[in-house]
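The structure under discussion appears below in the form of structure tokens.
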Amino acid sequence: MEIKSEIKTRSVLLDQQGQTIVEYILLLSLVVSMFMLMFSFISDGQFARKLTRPIREEFAMVYKYGHPKAKGYDEGTPKNHPRARDAGSNNFRMFINPSKQ
Amino acid sequence: MGFWGRKKKQTEEGQATVEFALTLMLTFAMVFFFIQLSLMFAWGSYVQYATFMSARAYMAAGPNEEDQVARAKSVISRMVKKGESASGRDRFPFVAKGDGGGDPNGVKIGPAEQFDPMTRSSSWMEGVRYTFKSRLFMIPFGKGAPAGNDPLNQVTLTSESWLGREPAYAECVTEMNKQKGFWDNGC
């Protein structure tokens with residue numbers, strides 16, 4: 001009875017059943033942790049800020065005032081604004097002077 | 001014999017599938033980014049038209065100023081919200097949501113804070129503006145933005161239409177009554 005049990009235990013320890021799934025789990029955890037690391041780098045670092053800046057800042061100004069470098073009263077002093085009349089900030093009703101940018 | 005009694009194969013079958021699955025995530029992220037961006041641009045263009053139409057309704061003369069505001073609100077509610085009766089609900093919340101308060105949310109009708117009818121530099125700042133927020137990526141990220149800043153995954157756009165406002169009939173009558181003379185209902 002004891003001999004049979006010992007043989008069974010040995011056969012369980014020596015066979016290769018489940019090796020693939022163990023390797024798969026180990027690899028999966030590695031891939032997931034790499035993905036998480038990469039995502040936290042994108043989220044917290046300057047990379048995402050640089051990546052989205054043209055849309056979040058420049059396009060937003062183009063949408064609002066018609067020029068990527070324009071500023072209005074919401075952003076402080078108007079600058080490159082097509083309608084504001086404050087002097088000395090390159091504001092002009094029709095065109096923005098490219099030499100003054 | 002391999003796992004679950006299957007015969008182990010030492011082939012490269014399935015490698016392409018695995019690689020495809022890995023690249024699929026990146027591909028989908030890019031495809032959905034451009035879909036989202038296109039929707040945002042299209043909505044932005046539509047909002048410019050909506051604020052313009054609302055500003056026209058505000059500008060046109062009426063019995064009194066309240067009526068002008070009510071007409072502008074009616075137009076913008078029907079265009080960017082679910083309707084006049086449901087002005088608290090955005091028309092396409094998955095594309096953009098009204099932001100910054102106001103009634104309805106995101107809409108400001110009337111003179112801006114800087115408006116001064118006697119100053120040429122700010123006498124034009126009367127009309128309608130609508131502010132909305134739109135997501136850039138469908139996957140959430142960039143929540144760790146500094147306080148006071150928008151999350152990196154979000155774009156805030158404002159559409160302004162400063163067309164001014166015609167005097168309402170009641171205002172005209174009041175003004176004309178101040179004149180010491182005859183007037184032939186010029187209002």
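By convention here, the chains of the structure tokens are called A, B, ... in the order presented, each chain's residues are numbered starting at 1, and ligands are numbered starting at 1 in the order presented.
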DSSP strand (DSSP E or B) residues within range 40-176 of chain B, listed as a CSV table (one decimal) with C-alpha atoms, in the first residue's frame:
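So the final result, stored in part-v7.csv, reads:
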chain,number,residue,atom,x,y,z
B,81,LYS,CA,-29.2,69.5,-25.6
B,90,ASP,CA,-26.5,66.6,-23.4
B,97,LYS,CA,-20.7,67.3,-22.3
B,98,GLY,CA,-21.6,70.9,-21.4
B,107,VAL,CA,-24.3,77.9,-21.9
B,108,LYS,CA,-23.9,81.6,-21.1
B,109,ILE,CA,-26.3,84.0,-22.7
B,110,GLY,CA,-25.9,87.8,-22.4
B,111,PRO,CA,-23.0,90.1,-21.7
B,126,GLU,CA,-22.4,90.3,-25.7
B,127,GLY,CA,-23.9,87.2,-27.1
B,128,VAL,CA,-23.8,83.5,-26.5
B,129,ARG,CA,-21.0,81.1,-25.6
B,130,TYR,CA,-21.0,77.4,-25.0
B,131,THR,CA,-18.3,75.4,-23.2
B,132,PHE,CA,-18.0,71.7,-23.5
B,133,LYS,CA,-15.6,68.9,-22.6
B,134,SER,CA,-14.7,66.0,-24.8
B,135,ARG,CA,-12.6,62.9,-24.2
B,154,GLN,CA,-9.9,65.7,-21.8
B,155,VAL,CA,-10.3,68.7,-24.1
B,156,THR,CA,-12.2,71.8,-23.1
B,157,LEU,CA,-13.5,73.9,-26.0
B,158,THR,CA,-15.4,77.1,-26.0
B,159,SER,CA,-17.5,78.5,-28.8
B,160,GLU,CA,-18.2,82.2,-28.7
B,161,SER,CA,-20.6,84.2,-30.8
- request: Do me a favour and pick out the residues of chain A within 9 Å of chain B, using only C-alpha atoms, as a PyMOL selection string.
  value: chain A and resi 16-21+39-40+42-44+48-49+52-53+55-57+59-61+63-65+73+83-86
Can you write just those residues out, N, CA and C atoms, as a PDB file, in the first residue's frame?
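New file selection12.pdb:
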ATOM      1  N   GLN A  16       5.123  16.139 -16.651  1.00  0.00           N
ATOM      2  CA  GLN A  16       5.199  17.543 -17.099  1.00  0.00           C
ATOM      3  C   GLN A  16       3.825  18.161 -17.305  1.00  0.00           C
ATOM      4  N   GLN A  17       2.851  17.539 -16.723  1.00  0.00           N
ATOM      5  CA  GLN A  17       1.504  18.085 -16.863  1.00  0.00           C
ATOM      6  C   GLN A  17       1.413  19.450 -16.168  1.00  0.00           C
ATOM      7  N   GLY A  18       0.827  20.435 -16.836  1.00  0.00           N
ATOM      8  CA  GLY A  18       0.649  21.756 -16.222  1.00  0.00           C
ATOM      9  C   GLY A  18       1.812  22.699 -16.414  1.00  0.00           C
ATOM     10  N   GLN A  19       2.875  22.200 -17.035  1.00  0.00           N
ATOM     11  CA  GLN A  19       4.055  23.068 -17.223  1.00  0.00           C
ATOM     12  C   GLN A  19       3.713  24.273 -18.103  1.00  0.00           C
ATOM     13  N   THR A  20       2.960  24.007 -19.161  1.00  0.00           N
ATOM     14  CA  THR A  20       2.600  25.094 -20.090  1.00  0.00           C
ATOM     15  C   THR A  20       1.789  26.176 -19.396  1.00  0.00           C
ATOM     16  N   ILE A  21       0.820  25.713 -18.603  1.00  0.00           N
ATOM     17  CA  ILE A  21      -0.055  26.705 -17.957  1.00  0.00           C
ATOM     18  C   ILE A  21       0.713  27.526 -16.932  1.00  0.00           C
ATOM     19  N   PHE A  39       1.982  52.203 -18.899  1.00  0.00           N
ATOM     20  CA  PHE A  39       0.828  53.079 -18.792  1.00  0.00           C
ATOM     21  C   PHE A  39       1.009  54.132 -17.704  1.00  0.00           C
ATOM     22  N   SER A  40       1.622  53.722 -16.580  1.00  0.00           N
ATOM     23  CA  SER A  40       1.856  54.704 -15.518  1.00  0.00           C
ATOM     24  C   SER A  40       2.875  55.742 -15.977  1.00  0.00           C
ATOM     25  N   ILE A  42       3.202  56.747 -19.112  1.00  0.00           N
ATOM     26  CA  ILE A  42       2.460  57.632 -20.025  1.00  0.00           C
ATOM     27  C   ILE A  42       1.583  58.603 -19.237  1.00  0.00           C
ATOM     28  N   SER A  43       0.917  58.087 -18.205  1.00  0.00           N
ATOM     29  CA  SER A  43      -0.037  58.908 -17.455  1.00  0.00           C
ATOM     30  C   SER A  43       0.639  59.987 -16.616  1.00  0.00           C
ATOM     31  N   ASP A  44       1.670  59.610 -15.878  1.00  0.00           N
ATOM     32  CA  ASP A  44       2.251  60.535 -14.912  1.00  0.00           C
ATOM     33  C   ASP A  44       3.328  61.444 -15.500  1.00  0.00           C
ATOM     34  N   ALA A  48       2.494  62.172 -21.962  1.00  0.00           N
ATOM     35  CA  ALA A  48       1.078  62.363 -22.302  1.00  0.00           C
ATOM     36  C   ALA A  48       0.759  63.839 -22.480  1.00  0.00           C
ATOM     37  N   ARG A  49       1.385  64.671 -21.660  1.00  0.00           N
ATOM     38  CA  ARG A  49       1.165  66.115 -21.760  1.00  0.00           C
ATOM     39  C   ARG A  49       1.623  66.631 -23.121  1.00  0.00           C
ATOM     40  N   THR A  52      -0.689  65.288 -25.996  1.00  0.00           N
ATOM     41  CA  THR A  52      -2.036  65.856 -26.142  1.00  0.00           C
ATOM     42  C   THR A  52      -2.051  67.391 -26.206  1.00  0.00           C
ATOM     43  N   ARG A  53      -0.900  68.019 -25.987  1.00  0.00           N
ATOM     44  CA  ARG A  53      -0.857  69.486 -25.951  1.00  0.00           C
ATOM     45  C   ARG A  53      -1.393  70.159 -27.220  1.00  0.00           C
ATOM     46  N   ILE A  55      -3.697  69.431 -29.154  1.00  0.00           N
ATOM     47  CA  ILE A  55      -5.166  69.433 -29.196  1.00  0.00           C
ATOM     48  C   ILE A  55      -5.735  70.183 -28.002  1.00  0.00           C
ATOM     49  N   ARG A  56      -5.205  69.897 -26.819  1.00  0.00           N
ATOM     50  CA  ARG A  56      -5.779  70.481 -25.602  1.00  0.00           C
ATOM     51  C   ARG A  56      -5.538  71.987 -25.504  1.00  0.00           C
ATOM     52  N   GLU A  57      -4.419  72.455 -26.033  1.00  0.00           N
ATOM     53  CA  GLU A  57      -4.099  73.881 -25.882  1.00  0.00           C
ATOM     54  C   GLU A  57      -4.198  74.646 -27.208  1.00  0.00           C
ATOM     55  N   PHE A  59      -5.183  73.711 -30.344  1.00  0.00           N
ATOM     56  CA  PHE A  59      -6.452  73.588 -31.075  1.00  0.00           C
ATOM     57  C   PHE A  59      -7.584  74.302 -30.332  1.00  0.00           C
ATOM     58  N   ALA A  60      -7.563  74.238 -29.015  1.00  0.00           N
ATOM     59  CA  ALA A  60      -8.609  74.910 -28.219  1.00  0.00           C
ATOM     60  C   ALA A  60      -8.614  76.413 -28.490  1.00  0.00           C
ATOM     61  N   MET A  61      -7.410  77.003 -28.656  1.00  0.00           N
ATOM     62  CA  MET A  61      -7.326  78.435 -28.960  1.00  0.00           C
ATOM     63  C   MET A  61      -7.759  78.725 -30.397  1.00  0.00           C
ATOM     64  N   TYR A  63      -9.931  77.018 -32.012  1.00  0.00           N
ATOM     65  CA  TYR A  63     -11.393  76.861 -32.001  1.00  0.00           C
ATOM     66  C   TYR A  63     -12.078  78.100 -31.425  1.00  0.00           C
ATOM     67  N   LYS A  64     -11.468  78.668 -30.415  1.00  0.00           N
ATOM     68  CA  LYS A  64     -12.088  79.791 -29.708  1.00  0.00           C
ATOM     69  C   LYS A  64     -11.827  81.135 -30.381  1.00  0.00           C
ATOM     70  N   TYR A  65     -10.552  81.360 -30.773  1.00  0.00           N
ATOM     71  CA  TYR A  65     -10.186  82.688 -31.286  1.00  0.00           C
ATOM     72  C   TYR A  65      -9.687  82.682 -32.737  1.00  0.00           C
ATOM     73  N   TYR A  73      -9.715  87.282 -22.858  1.00  0.00           N
ATOM     74  CA  TYR A  73      -9.875  87.741 -21.466  1.00  0.00           C
ATOM     75  C   TYR A  73      -9.940  86.559 -20.495  1.00  0.00           C
ATOM     76  N   ARG A  83     -10.529  90.386 -32.093  1.00  0.00           N
ATOM     77  CA  ARG A  83     -11.494  91.471 -31.835  1.00  0.00           C
ATOM     78  C   ARG A  83     -11.092  92.416 -30.707  1.00  0.00           C
ATOM     79  N   ALA A  84     -10.269  91.949 -29.798  1.00  0.00           N
ATOM     80  CA  ALA A  84      -9.883  92.814 -28.673  1.00  0.00           C
ATOM     81  C   ALA A  84      -9.128  94.033 -29.195  1.00  0.00           C
ATOM     82  N   ARG A  85      -9.235  95.137 -28.491  1.00  0.00           N
ATOM     83  CA  ARG A  85      -8.623  96.377 -28.975  1.00  0.00           C
ATOM     84  C   ARG A  85      -7.540  96.889 -28.034  1.00  0.00           C
ATOM     85  N   ASP A  86      -7.146  96.069 -27.070  1.00  0.00           N
ATOM     86  CA  ASP A  86      -6.087  96.491 -26.159  1.00  0.00           C
ATOM     87  C   ASP A  86      -4.797  96.700 -26.946  1.00  0.00           C
TER      88      ASP A  86
END
field: Neighbour list for Lys71 in chain A as a PyMOL selection string, cut-off 7 Å, only C-alpha atoms, skip fewer than 5 positions in-chain
entry: chain A and resi 78-81
Put those residues in a file: C-alpha atoms, as a tab-separated table (two decimals), in the first residue's frame.
chain	number	residue	atom	x	y	z
A	78	PRO	CA	-5.84	89.39	-24.83
A	79	LYS	CA	-3.05	88.63	-27.24
A	80	ASN	CA	-3.29	87.96	-30.98
A	81	HIS	CA	-7.00	88.34	-30.48
message: Which residues are close to Ala86 in chain B, i.e. within 12 Å by only C-alpha atoms, leaving aside same-chain residues fewer than 6 positions away? Reply as a list in words.
response: Ser74, Ile76, Ser77, Arg78, Met79, Val80, Asp103, Pro104 and Asn105 of chain B
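For the pair CA of Met25 in chain B and CA of Gln46 in chain A, the separation is 22.6 Å.
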query: Do you have the CA of Thr51 in chain B-CA of Glu166 in chain B distance handy?
result: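 Those two atoms sit 17.1 Å apart.
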field: Which residue of B:Phe137, B:Lys180, B:Val47, B:Ala61 approaches Met30 in chain B most closely, using only C-alpha atoms
entry: B:Phe137
